[in-house]
Amino acid sequence: MEAILSPAQCRMARAALQIGVREIAEAAQVSTNTLTRLERGEELKPRTLAAIRTALEAAGVEFIDGGVRLKDTQ
């Protein structure tokens with residue numbers, strides 16, 4: 001089964017959106033420590049990963065084969 005969200009995808013998404021850990025943590029309703037743990041590669045609960053992924057998608061990224069891209073806004 002493919003991971004809901006990899007550490008690299010999380011870092012790439014934040015970089016593409018040009019937003020910090022605090023903003024995504026707040027949007028996902030998780031602590032900044034939780035997001036930092038994800039980006040370090042620590043294992044998180046699937047529902048936590050799903051909340052972070054949903055927040056990143058709502059902020060404007062699309063997840064593709066091991067990477068991310070900004071959603072087309074047109």
# chains A, B, ... in the order shown; residues from 1 in each chain; ligands from 1
$ residues_around --residues "Leu49 (chain A)" --least-positions-apart "3" --cutoff "12 Å" --atoms "only C-alpha atoms" --output "PDB file with N, CA and C atoms, in the first residue's frame"
ATOM      1  N   ALA A   3       2.058   5.019   0.705  1.00  0.00           N
ATOM      2  CA  ALA A   3       1.892   5.940   1.834  1.00  0.00           C
ATOM      3  C   ALA A   3       0.951   7.072   1.447  1.00  0.00           C
ATOM      4  N   ILE A   4       0.198   7.539   2.425  1.00  0.00           N
ATOM      5  CA  ILE A   4      -0.725   8.647   2.209  1.00  0.00           C
ATOM      6  C   ILE A   4       0.056   9.915   1.865  1.00  0.00           C
ATOM      7  N   LEU A   5       1.205  10.083   2.530  1.00  0.00           N
ATOM      8  CA  LEU A   5       2.009  11.285   2.367  1.00  0.00           C
ATOM      9  C   LEU A   5       3.429  10.979   2.839  1.00  0.00           C
ATOM     10  N   SER A   6       4.405  11.162   1.963  1.00  0.00           N
ATOM     11  CA  SER A   6       5.793  10.908   2.352  1.00  0.00           C
ATOM     12  C   SER A   6       6.414  12.182   2.932  1.00  0.00           C
ATOM     13  N   PRO A   7       7.480  12.024   3.707  1.00  0.00           N
ATOM     14  CA  PRO A   7       8.169  13.209   4.228  1.00  0.00           C
ATOM     15  C   PRO A   7       8.630  14.153   3.107  1.00  0.00           C
ATOM     16  N   GLN A   9       7.326  14.505   0.104  1.00  0.00           N
ATOM     17  CA  GLN A   9       6.173  15.179  -0.489  1.00  0.00           C
ATOM     18  C   GLN A   9       5.712  16.340   0.378  1.00  0.00           C
ATOM     19  N   CYS A  10       5.740  16.161   1.675  1.00  0.00           N
ATOM     20  CA  CYS A  10       5.330  17.230   2.584  1.00  0.00           C
ATOM     21  C   CYS A  10       6.264  18.425   2.432  1.00  0.00           C
ATOM     22  N   ILE A  24       0.661  25.133   7.952  1.00  0.00           N
ATOM     23  CA  ILE A  24       0.083  23.833   7.612  1.00  0.00           C
ATOM     24  C   ILE A  24      -0.376  23.103   8.865  1.00  0.00           C
ATOM     25  N   ALA A  25       0.401  23.190   9.926  1.00  0.00           N
ATOM     26  CA  ALA A  25       0.004  22.544  11.179  1.00  0.00           C
ATOM     27  C   ALA A  25      -1.339  23.086  11.654  1.00  0.00           C
ATOM     28  N   ALA A  28      -4.142  21.811   9.403  1.00  0.00           N
ATOM     29  CA  ALA A  28      -4.393  20.380   9.602  1.00  0.00           C
ATOM     30  C   ALA A  28      -4.829  20.058  11.028  1.00  0.00           C
ATOM     31  N   GLN A  29      -4.800  21.062  11.878  1.00  0.00           N
ATOM     32  CA  GLN A  29      -5.141  20.914  13.293  1.00  0.00           C
ATOM     33  C   GLN A  29      -4.253  19.868  13.981  1.00  0.00           C
ATOM     34  N   VAL A  30      -2.932  20.000  13.707  1.00  0.00           N
ATOM     35  CA  VAL A  30      -1.922  19.186  14.379  1.00  0.00           C
ATOM     36  C   VAL A  30      -0.875  20.133  14.939  1.00  0.00           C
ATOM     37  N   THR A  34       4.354  17.658  15.385  1.00  0.00           N
ATOM     38  CA  THR A  34       3.869  16.531  14.585  1.00  0.00           C
ATOM     39  C   THR A  34       4.320  16.680  13.144  1.00  0.00           C
ATOM     40  N   LEU A  35       4.183  17.869  12.589  1.00  0.00           N
ATOM     41  CA  LEU A  35       4.599  18.102  11.214  1.00  0.00           C
ATOM     42  C   LEU A  35       6.107  17.931  11.069  1.00  0.00           C
ATOM     43  N   ARG A  37       7.989  16.034  12.913  1.00  0.00           N
ATOM     44  CA  ARG A  37       8.257  14.598  13.016  1.00  0.00           C
ATOM     45  C   ARG A  37       8.017  13.905  11.682  1.00  0.00           C
ATOM     46  N   LEU A  38       6.943  14.278  10.991  1.00  0.00           N
ATOM     47  CA  LEU A  38       6.663  13.719   9.670  1.00  0.00           C
ATOM     48  C   LEU A  38       7.809  14.021   8.721  1.00  0.00           C
ATOM     49  N   GLU A  39       8.231  15.269   8.676  1.00  0.00           N
ATOM     50  CA  GLU A  39       9.273  15.663   7.737  1.00  0.00           C
ATOM     51  C   GLU A  39      10.636  15.043   8.067  1.00  0.00           C
ATOM     52  N   GLY A  41      10.774  11.958   8.978  1.00  0.00           N
ATOM     53  CA  GLY A  41      10.602  10.568   8.591  1.00  0.00           C
ATOM     54  C   GLY A  41      10.046   9.669   9.669  1.00  0.00           C
ATOM     55  N   GLU A  42       9.591  10.261  10.775  1.00  0.00           N
ATOM     56  CA  GLU A  42       8.990   9.445  11.833  1.00  0.00           C
ATOM     57  C   GLU A  42       7.590   8.996  11.412  1.00  0.00           C
ATOM     58  N   GLU A  43       7.200   7.862  11.924  1.00  0.00           N
ATOM     59  CA  GLU A  43       5.891   7.306  11.573  1.00  0.00           C
ATOM     60  C   GLU A  43       4.780   8.020  12.336  1.00  0.00           C
ATOM     61  N   LEU A  44       3.718   8.359  11.618  1.00  0.00           N
ATOM     62  CA  LEU A  44       2.539   8.990  12.216  1.00  0.00           C
ATOM     63  C   LEU A  44       1.323   8.130  11.919  1.00  0.00           C
ATOM     64  N   LYS A  45       0.262   8.367  12.649  1.00  0.00           N
ATOM     65  CA  LYS A  45      -0.986   7.637  12.415  1.00  0.00           C
ATOM     66  C   LYS A  45      -1.545   8.015  11.049  1.00  0.00           C
ATOM     67  N   PRO A  46      -2.176   7.060  10.356  1.00  0.00           N
ATOM     68  CA  PRO A  46      -2.754   7.346   9.040  1.00  0.00           C
ATOM     69  C   PRO A  46      -3.725   8.525   9.049  1.00  0.00           C
ATOM     70  N   ILE A  52      -3.002  16.137   7.291  1.00  0.00           N
ATOM     71  CA  ILE A  52      -1.954  17.009   6.737  1.00  0.00           C
ATOM     72  C   ILE A  52      -2.064  17.061   5.222  1.00  0.00           C
ATOM     73  N   ARG A  53      -2.268  15.918   4.602  1.00  0.00           N
ATOM     74  CA  ARG A  53      -2.402  15.882   3.142  1.00  0.00           C
ATOM     75  C   ARG A  53      -3.608  16.710   2.690  1.00  0.00           C
ATOM     76  N   THR A  54      -4.725  16.578   3.387  1.00  0.00           N
ATOM     77  CA  THR A  54      -5.932  17.337   3.051  1.00  0.00           C
ATOM     78  C   THR A  54      -5.674  18.837   3.165  1.00  0.00           C
ATOM     79  N   ALA A  55      -4.956  19.246   4.195  1.00  0.00           N
ATOM     80  CA  ALA A  55      -4.636  20.670   4.377  1.00  0.00           C
ATOM     81  C   ALA A  55      -3.746  21.172   3.246  1.00  0.00           C
ATOM     82  N   LEU A  56      -2.786  20.364   2.836  1.00  0.00           N
ATOM     83  CA  LEU A  56      -1.903  20.757   1.727  1.00  0.00           C
ATOM     84  C   LEU A  56      -2.678  20.833   0.412  1.00  0.00           C
TER      85      LEU A  56
END
$ select_by_dssp --residues "chain A" --states "strand (DSSP E)" --output "tab-separated table (two decimals) with N, CA, C and O atoms, in the first residue's frame"
chain	number	residue	atom	x	y	z
A	61	VAL	N	-1.98	22.25	-3.58
A	61	VAL	CA	-1.09	21.30	-4.24
A	61	VAL	C	-1.85	20.04	-4.63
A	61	VAL	O	-2.91	19.72	-4.08
A	62	GLU	N	-1.28	19.36	-5.60
A	62	GLU	CA	-1.83	18.10	-6.08
A	62	GLU	C	-0.71	17.07	-5.95
A	62	GLU	O	0.43	17.35	-6.31
A	63	PHE	N	-1.02	15.91	-5.43
A	63	PHE	CA	-0.01	14.87	-5.25
A	63	PHE	C	0.02	13.97	-6.47
A	63	PHE	O	-1.01	13.50	-6.93
A	64	ILE	N	1.23	13.76	-7.00
A	64	ILE	CA	1.43	12.93	-8.19
A	64	ILE	C	2.59	11.98	-7.93
A	64	ILE	O	3.51	12.31	-7.19
A	67	GLY	N	5.58	12.81	-6.01
A	67	GLY	CA	5.90	14.24	-5.97
A	67	GLY	C	4.66	15.08	-5.76
A	67	GLY	O	3.62	14.58	-5.35
A	68	VAL	N	4.81	16.35	-6.04
A	68	VAL	CA	3.69	17.28	-5.93
A	68	VAL	C	3.78	18.30	-7.05
A	68	VAL	O	4.84	18.49	-7.64
A	69	ARG	N	2.68	18.94	-7.31
A	69	ARG	CA	2.66	20.10	-8.21
A	69	ARG	C	1.55	21.03	-7.76
A	69	ARG	O	0.61	20.61	-7.06
A	70	LEU	N	1.66	22.27	-8.14
A	70	LEU	CA	0.62	23.22	-7.83
A	70	LEU	C	-0.60	22.93	-8.70
A	70	LEU	O	-0.45	22.60	-9.89
$ select_by_dssp --residues "chain A" --states "helix (DSSP H, G or I)" --output "VMD selection string"
chain A and resid 7 to 17 21 to 28 32 to 40 46 to 59
$ write_last_selection --atoms "C-alpha atoms" --output "PDB file, in the first residue's frame"
ATOM      1  CA  PRO A   7       8.169  13.209   4.228  1.00  0.00           C
ATOM      2  CA  ALA A   8       9.624  14.406   0.922  1.00  0.00           C
ATOM      3  CA  GLN A   9       6.173  15.179  -0.489  1.00  0.00           C
ATOM      4  CA  CYS A  10       5.330  17.230   2.584  1.00  0.00           C
ATOM      5  CA  ARG A  11       8.541  19.269   2.257  1.00  0.00           C
ATOM      6  CA  MET A  12       8.033  19.697  -1.502  1.00  0.00           C
ATOM      7  CA  ALA A  13       4.424  20.809  -1.020  1.00  0.00           C
ATOM      8  CA  ARG A  14       5.362  23.409   1.584  1.00  0.00           C
ATOM      9  CA  ALA A  15       8.164  24.695  -0.637  1.00  0.00           C
ATOM     10  CA  ALA A  16       5.857  24.937  -3.663  1.00  0.00           C
ATOM     11  CA  LEU A  17       3.268  26.801  -1.607  1.00  0.00           C
ATOM     12  CA  VAL A  21       5.255  24.511   9.265  1.00  0.00           C
ATOM     13  CA  ARG A  22       3.011  26.649  11.469  1.00  0.00           C
ATOM     14  CA  GLU A  23       0.527  27.434   8.703  1.00  0.00           C
ATOM     15  CA  ILE A  24       0.083  23.833   7.612  1.00  0.00           C
ATOM     16  CA  ALA A  25       0.004  22.544  11.179  1.00  0.00           C
ATOM     17  CA  GLU A  26      -2.767  25.003  11.999  1.00  0.00           C
ATOM     18  CA  ALA A  27      -4.744  24.111   8.869  1.00  0.00           C
ATOM     19  CA  ALA A  28      -4.393  20.380   9.602  1.00  0.00           C
ATOM     20  CA  THR A  32       4.102  21.890  14.684  1.00  0.00           C
ATOM     21  CA  ASN A  33       6.047  19.070  16.378  1.00  0.00           C
ATOM     22  CA  THR A  34       3.869  16.531  14.585  1.00  0.00           C
ATOM     23  CA  LEU A  35       4.599  18.102  11.214  1.00  0.00           C
ATOM     24  CA  THR A  36       8.308  18.267  12.007  1.00  0.00           C
ATOM     25  CA  ARG A  37       8.257  14.598  13.016  1.00  0.00           C
ATOM     26  CA  LEU A  38       6.663  13.719   9.670  1.00  0.00           C
ATOM     27  CA  GLU A  39       9.273  15.663   7.737  1.00  0.00           C
ATOM     28  CA  ARG A  40      12.052  13.889   9.694  1.00  0.00           C
ATOM     29  CA  PRO A  46      -2.754   7.346   9.040  1.00  0.00           C
ATOM     30  CA  ARG A  47      -5.506   9.775  10.126  1.00  0.00           C
ATOM     31  CA  THR A  48      -2.847  12.383  11.015  1.00  0.00           C
ATOM     32  CA  LEU A  49      -1.159  11.948   7.637  1.00  0.00           C
ATOM     33  CA  ALA A  50      -4.547  12.255   5.942  1.00  0.00           C
ATOM     34  CA  ALA A  51      -5.292  15.513   7.798  1.00  0.00           C
ATOM     35  CA  ILE A  52      -1.954  17.009   6.737  1.00  0.00           C
ATOM     36  CA  ARG A  53      -2.402  15.882   3.142  1.00  0.00           C
ATOM     37  CA  THR A  54      -5.932  17.337   3.051  1.00  0.00           C
ATOM     38  CA  ALA A  55      -4.636  20.670   4.377  1.00  0.00           C
ATOM     39  CA  LEU A  56      -1.903  20.757   1.727  1.00  0.00           C
ATOM     40  CA  GLU A  57      -4.403  19.917  -1.019  1.00  0.00           C
ATOM     41  CA  ALA A  58      -6.750  22.643   0.213  1.00  0.00           C
ATOM     42  CA  ALA A  59      -3.827  25.069   0.113  1.00  0.00           C
TER      43      ALA A  59
END
